[in-house]
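Dumped structure03.cif below, it's mmCIF, C-alpha atoms:
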```
data_coords
#
loop_
_atom_site.label_atom_id
_atom_site.label_comp_id
_atom_site.auth_asym_id
_atom_site.auth_seq_id
_atom_site.Cartn_x
_atom_site.Cartn_y
_atom_site.Cartn_z
CA MET A 935 -47.55 108.56 228.11
CA ALA A 936 -46.75 111.52 225.88
CA GLY A 937 -44.60 109.83 223.28
CA HIS A 938 -42.29 112.48 221.95
CA SER A 939 -41.44 114.20 225.23
CA ALA A 940 -40.88 110.86 226.98
CA PHE A 941 -38.78 109.63 224.08
CA LYS A 942 -36.61 112.75 224.29
CA ASN A 943 -36.20 112.42 228.06
CA ILE A 944 -35.11 108.79 227.80
CA MET A 945 -32.62 109.55 225.06
CA HIS A 946 -31.28 112.45 227.14
CA LYS A 947 -30.75 110.20 230.14
CA LYS A 948 -28.88 107.65 228.04
CA GLY A 949 -26.30 110.33 227.31
CA ARG A 950 -24.95 111.81 224.12
CA LYS A 951 -21.85 110.85 222.18
CA ASP A 952 -19.25 113.51 221.49
CA ALA A 953 -20.30 113.91 217.85
CA ALA A 954 -23.93 114.43 218.83
CA ARG A 955 -22.96 116.97 221.49
CA ALA A 956 -20.78 118.85 219.00
CA LYS A 957 -23.71 119.02 216.58
CA MET A 958 -25.98 120.26 219.37
CA PHE A 959 -23.49 122.98 220.36
CA ALA A 960 -23.21 124.06 216.72
CA LYS A 961 -27.00 124.54 216.58
CA PHE A 962 -26.94 126.52 219.83
CA ALA A 963 -24.12 128.70 218.48
CA ARG A 964 -26.08 129.42 215.30
CA GLU A 965 -29.13 130.53 217.30
CA ILE A 966 -26.98 132.71 219.59
CA THR A 967 -25.25 134.36 216.64
CA VAL A 968 -28.52 135.06 214.82
CA ALA A 969 -30.14 136.41 218.00
CA ALA A 970 -27.17 138.68 218.68
CA LYS A 971 -27.12 139.89 215.09
CA GLN A 972 -30.84 140.66 214.90
CA GLY A 973 -30.96 142.45 218.25
CA MET A 974 -28.59 143.87 220.85
CA PRO A 975 -25.49 141.77 221.75
CA ASP A 976 -26.38 142.30 225.42
CA PRO A 977 -28.68 139.48 226.66
CA ALA A 978 -30.22 141.84 229.23
CA MET A 979 -31.57 143.93 226.34
CA ASN A 980 -32.29 141.07 223.95
CA PRO A 981 -34.91 138.46 225.02
CA ARG A 982 -34.13 136.08 222.17
CA LEU A 983 -30.41 136.15 222.95
CA ARG A 984 -31.11 135.72 226.66
CA LEU A 985 -33.17 132.61 225.94
CA ALA A 986 -30.58 131.20 223.52
CA ILE A 987 -27.80 131.60 226.09
CA ALA A 988 -29.92 130.10 228.89
CA THR A 989 -30.72 127.07 226.71
CA ALA A 990 -27.05 126.57 225.80
CA ARG A 991 -25.84 126.94 229.38
CA ALA A 992 -28.42 124.44 230.63
CA GLU A 993 -26.87 121.89 228.25
CA ASN A 994 -23.35 122.70 229.52
CA MET A 995 -22.17 124.55 226.44
CA PRO A 996 -18.77 126.11 227.32
CA LYS A 997 -18.77 129.83 228.10
CA ASP A 998 -16.06 130.41 225.48
CA ASN A 999 -18.28 128.93 222.78
CA ILE A 1000 -21.14 131.22 223.77
CA GLU A 1001 -18.95 134.33 223.77
CA ARG A 1002 -17.42 133.35 220.42
CA ALA A 1003 -20.90 133.02 218.88
CA ILE A 1004 -21.85 136.51 220.08
CA LYS A 1005 -18.58 138.01 218.80
CA LYS A 1006 -19.20 136.39 215.42
CA ALA A 1007 -22.38 138.41 215.09
CA GLN A 1008 -20.67 141.61 216.22
CA GLY A 1009 -17.93 141.08 213.68
CA GLY A 1010 -20.41 140.68 210.84
CA GLU A 1011 -19.08 137.22 210.01
CA SER A 1012 -22.41 135.39 210.24
CA ASP A 1013 -24.46 134.32 207.24
CA ALA A 1014 -27.99 135.57 206.66
CA TYR A 1015 -30.15 132.99 208.42
CA GLU A 1016 -33.93 132.93 208.59
CA THR A 1017 -36.24 131.09 210.95
CA ILE A 1018 -38.70 128.72 209.26
CA ARG A 1019 -41.37 126.47 210.75
CA TYR A 1020 -42.47 123.39 208.85
CA GLU A 1021 -45.62 121.46 209.71
CA GLY A 1022 -46.92 118.11 208.56
CA TYR A 1023 -48.15 114.66 209.44
CA ALA A 1024 -46.19 111.53 210.21
CA SER A 1025 -47.72 108.08 209.73
CA GLY A 1026 -50.85 107.42 211.77
CA GLY A 1027 -51.99 111.03 211.58
CA VAL A 1028 -49.39 112.24 214.08
CA ALA A 1029 -48.80 116.00 213.87
CA VAL A 1030 -45.20 117.20 213.58
CA ILE A 1031 -43.68 120.68 213.88
CA VAL A 1032 -40.13 121.32 212.69
CA GLU A 1033 -38.24 124.50 213.55
CA ALA A 1034 -35.28 125.37 211.33
CA LEU A 1035 -32.68 128.10 211.07
CA THR A 1036 -31.28 128.21 207.56
CA ASP A 1037 -29.35 130.25 205.03
CA ASN A 1038 -30.85 128.25 202.15
CA ARG A 1039 -34.62 127.79 202.24
CA ASN A 1040 -34.65 125.45 199.22
CA ARG A 1041 -32.04 123.11 200.69
CA THR A 1042 -33.73 122.86 204.06
CA GLY A 1043 -37.24 122.54 202.65
CA GLY A 1044 -36.12 119.76 200.32
CA ALA A 1045 -34.42 117.84 203.12
CA VAL A 1046 -37.41 118.14 205.46
CA ARG A 1047 -39.84 117.05 202.74
CA ALA A 1048 -37.63 114.08 201.85
CA ALA A 1049 -37.56 112.91 205.47
CA PHE A 1050 -41.34 113.07 205.76
CA THR A 1051 -41.76 111.14 202.52
CA LYS A 1052 -39.21 108.46 203.44
CA TYR A 1053 -40.98 107.61 206.69
CA GLY A 1054 -44.57 107.62 205.44
CA GLY A 1055 -45.55 111.19 206.26
CA ASN A 1056 -46.39 114.29 204.29
CA LEU A 1057 -45.44 117.94 204.65
CA GLY A 1058 -48.30 120.43 204.93
CA ALA A 1059 -48.67 124.19 204.89
CA THR A 1060 -47.55 126.36 207.80
CA GLY A 1061 -50.43 126.44 210.26
CA SER A 1062 -51.80 123.05 209.26
CA VAL A 1063 -51.06 121.39 212.63
CA ALA A 1064 -50.00 124.24 214.94
CA HIS A 1065 -53.55 124.47 216.30
CA MET A 1066 -52.96 121.09 217.99
CA PHE A 1067 -50.12 122.56 220.06
CA GLU A 1068 -49.53 125.37 222.53
CA HIS A 1069 -46.28 127.35 222.23
CA VAL A 1070 -44.89 127.59 225.77
CA GLY A 1071 -41.67 127.78 227.75
CA GLU A 1072 -40.46 124.91 229.92
CA ILE A 1073 -37.79 125.26 232.60
CA ARG A 1074 -36.58 122.14 234.36
CA PHE A 1075 -34.67 121.96 237.65
CA LYS A 1076 -33.09 119.01 239.42
CA PRO A 1077 -34.78 117.67 242.59
CA ASP A 1078 -32.27 119.38 244.88
CA ALA A 1079 -33.29 122.86 243.65
CA GLY A 1080 -35.80 122.94 246.49
CA SER A 1081 -39.01 121.49 247.86
CA ALA A 1082 -42.14 121.34 245.71
CA ASP A 1083 -43.67 124.19 247.72
CA ALA A 1084 -40.54 126.36 247.46
CA VAL A 1085 -40.29 125.83 243.71
CA LEU A 1086 -43.99 126.57 243.24
CA GLU A 1087 -43.69 129.78 245.24
CA ALA A 1088 -40.63 130.85 243.21
CA ALA A 1089 -42.44 130.03 239.96
CA ILE A 1090 -45.46 132.13 240.91
CA GLU A 1091 -43.28 135.08 241.93
CA ALA A 1092 -41.36 134.80 238.64
CA GLY A 1093 -44.58 134.99 236.63
CA ALA A 1094 -44.74 131.36 235.49
CA GLY A 1095 -48.03 129.67 234.72
CA ASP A 1096 -47.52 126.26 236.35
CA ALA A 1097 -45.04 124.11 238.29
CA ALA A 1098 -45.03 120.33 238.70
CA SER A 1099 -42.65 118.33 240.88
CA ASP A 1100 -41.86 114.62 241.18
CA ASP A 1101 -38.90 112.36 241.93
CA THR A 1102 -37.15 113.34 238.68
CA GLY A 1103 -37.22 117.07 239.38
CA HIS A 1104 -39.28 120.21 238.87
CA LEU A 1105 -40.89 121.35 235.62
CA ILE A 1106 -42.03 124.97 235.37
CA THR A 1107 -44.19 126.16 232.49
CA CYS A 1108 -44.65 129.75 231.36
CA SER A 1109 -45.73 131.70 228.30
CA PHE A 1110 -43.32 131.61 225.36
CA ASP A 1111 -42.87 135.39 225.39
CA SER A 1112 -41.81 135.48 229.05
CA LEU A 1113 -39.49 132.44 228.98
CA GLY A 1114 -36.20 134.34 229.05
CA THR A 1115 -37.28 136.62 231.89
CA VAL A 1116 -38.84 133.83 233.96
CA ALA A 1117 -35.78 131.60 233.52
CA SER A 1118 -33.42 134.38 234.66
CA THR A 1119 -35.56 135.17 237.71
CA LEU A 1120 -35.80 131.51 238.71
CA GLU A 1121 -32.05 131.03 238.32
CA GLU A 1122 -31.44 133.75 240.90
CA LYS A 1123 -33.69 131.92 243.40
CA LEU A 1124 -33.16 128.23 242.59
CA GLY A 1125 -29.77 128.06 240.91
CA GLU A 1126 -28.93 127.07 237.35
CA PRO A 1127 -31.74 125.16 235.60
CA GLU A 1128 -31.24 121.73 234.08
CA SER A 1129 -32.87 122.87 230.84
CA VAL A 1130 -34.59 125.92 229.37
CA LYS A 1131 -36.68 125.34 226.27
CA ALA A 1132 -39.35 126.87 224.10
CA VAL A 1133 -41.59 123.96 223.13
CA TRP A 1134 -44.71 123.18 221.16
CA LYS A 1135 -46.78 121.30 223.75
CA PRO A 1136 -49.53 119.08 222.30
CA THR A 1137 -53.09 119.93 223.29
CA LEU A 1138 -54.43 117.06 221.17
CA THR A 1139 -52.59 113.73 220.89
CA ALA A 1140 -52.70 110.66 218.65
CA GLU A 1141 -52.12 107.19 220.07
CA VAL A 1142 -49.87 104.89 218.05
CA ASP A 1143 -48.79 101.26 218.26
CA GLU A 1144 -45.23 99.92 218.30
CA GLU A 1145 -44.82 99.90 214.53
CA GLY A 1146 -46.14 103.43 214.20
CA ALA A 1147 -44.00 104.70 217.08
CA GLU A 1148 -40.87 103.19 215.57
CA ARG A 1149 -41.51 104.89 212.24
CA ILE A 1150 -42.20 108.24 213.89
CA MET A 1151 -39.05 108.02 216.00
CA LYS A 1152 -37.01 107.34 212.86
CA LEU A 1153 -38.56 110.41 211.23
CA ILE A 1154 -37.74 112.57 214.26
CA ALA A 1155 -34.16 111.27 214.37
CA ALA A 1156 -33.70 111.95 210.64
CA LEU A 1157 -35.02 115.49 210.98
CA GLU A 1158 -32.93 116.28 214.06
CA ASP A 1159 -29.81 115.02 212.29
CA ASP A 1160 -30.13 117.83 209.74
CA ASP A 1161 -27.82 120.72 210.58
CA ASP A 1162 -30.50 123.29 209.73
CA VAL A 1163 -33.16 121.78 212.00
CA GLN A 1164 -33.20 123.23 215.51
CA ASN A 1165 -36.17 121.43 217.08
CA VAL A 1166 -38.79 118.79 216.29
CA PHE A 1167 -42.09 118.27 218.13
CA ALA A 1168 -44.75 115.60 217.67
CA ASN A 1169 -48.04 114.80 219.39
CA PHE A 1170 -47.99 111.01 219.56
CA GLU A 1171 -48.95 108.91 222.59
CA VAL A 1172 -47.42 105.48 223.18
CA SER A 1173 -47.48 103.02 226.05
CA GLU A 1174 -44.56 103.05 228.48
CA GLU A 1175 -43.86 99.39 227.67
CA VAL A 1176 -43.52 100.07 223.94
CA LEU A 1177 -41.45 103.19 224.54
CA LYS A 1178 -38.95 101.35 226.73
CA LYS A 1179 -38.68 98.59 224.15
CA LEU A 1180 -37.96 100.99 221.30
CA THR A 1181 -35.41 103.05 223.25
CA ALA A 1182 -33.59 100.09 224.81
CA ALA A 1183 -29.85 100.14 224.27
#
```

So that I can check it, write out the structure of this file as structure tokens.
Amino acid sequence: MAGHSAFKNIMHKKGRKDAARAKMFAKFAREITVAAKQGMPDPAMNPRLRLAIATARAENMPKDNIERAIKKAQGGESDAYETIRYEGYASGGVAVIVEALTDNRNRTGGAVRAAFTKYGGNLGATGSVAHMFEHVGEIRFKPDAGSADAVLEAAIEAGAGDAASDDTGHLITCSFDSLGTVASTLEEKLGEPESVKAVWKPTLTAEVDEEGAERIMKLIAALEDDDDVQNVFANFEVSEEVLKKLTAA
């Protein structure tokens, strides 16, 4: 079982507390504001903004919050943020990619490095582990969006690369560059997606035991708790039995 993605799915199903949801919405708002500031405030003319809005909507971020984030950019109130990608290794040789959006490179870099060090990892140079991942878009729909054949047909027509269906729903994969367009096209045919994400999908994985998985999960949690960190991806594999044990309530 792919450790990180399964871990995230289980935590998602367990639900989020209000404080965690507020933090998540704040990160979405920051991305929307930066996207609107760097490009056009119209999502139809701005792929990055279109993707940011689709991601926020899929997580039930209120429409007012989204509009307020866009207006903040138009009003020139936003700080100067930059996108930074950190790469490194967790314990057991597990590769980790951290995406951040920050107005203080030194603060964010120091916090990310400290988290890696605390949990037995080490931060590397940009590009040191990215070759073990593929940067793609993932769009997830609930089971009632349609039959497997209908979803596959819609995915092909929208320009997606792959579609997989099971009892939990439908997962459509596309290139990173086309994610915003594909998501919008699919929404017209299948309804609102459950999630829209740009992800670093592992092409090479590292298997870890219970102790290693626990340490890696603590590292991921610490990184995601940082306000500047937008996303964390790791390429560890762990058995379903161990995963359930570590994510038990």

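Of the residues listed (A:Ala1079, A:Ile1031, A:Val1085, A:Ala1092), A:Ile1031 shows the shortest atom-to-atom separation from A:Arg1019; distances use all atoms listed in the file.
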
Looking at A:Asn1040, A:Asn1165, A:Ser1118, A:Thr1051, which one is nearest to A:Leu985, with distances taken over all atoms listed in the file?
A:Ser1118

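Of note, atom CA of A:Glu1144 and atom CA of A:Phe1167 are spaced 18.6 Å apart.
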
Using only C-alpha atoms, which protein or nucleic acid residues come within 7 Å of stretch 1052-1058 of chain A? Drop anything in the same chain fewer than 3 positions from it, and give the result as a PDB file with C-alpha atoms, keeping the file's coordinate frame.
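Written file, selection14.pdb:
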```
ATOM      1  CA  GLU A1021     -45.620 121.460 209.710  1.00  0.00           C
ATOM      2  CA  GLY A1022     -46.920 118.110 208.560  1.00  0.00           C
ATOM      3  CA  TYR A1023     -48.150 114.660 209.440  1.00  0.00           C
ATOM      4  CA  ALA A1024     -46.190 111.530 210.210  1.00  0.00           C
ATOM      5  CA  SER A1025     -47.720 108.080 209.730  1.00  0.00           C
ATOM      6  CA  ARG A1047     -39.840 117.050 202.740  1.00  0.00           C
ATOM      7  CA  ALA A1048     -37.630 114.080 201.850  1.00  0.00           C
ATOM      8  CA  ALA A1049     -37.560 112.910 205.470  1.00  0.00           C
ATOM      9  CA  SER A1062     -51.800 123.050 209.260  1.00  0.00           C
ATOM     10  CA  ARG A1149     -41.510 104.890 212.240  1.00  0.00           C
ATOM     11  CA  LEU A1153     -38.560 110.410 211.230  1.00  0.00           C
TER      12      LEU A1153
END
```

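The environment of A:Ala963 within 10 Å, counting all atoms listed in the file and disregarding residues fewer than 5 places along the same chain, consists of Lys957, Met958, Val968, Ala969, Ala986, Ile987, Ala990, Met995, Asn999, Ile1000, Glu1001, Arg1002, Ala1003, Ile1004 and Lys1006 of chain A.
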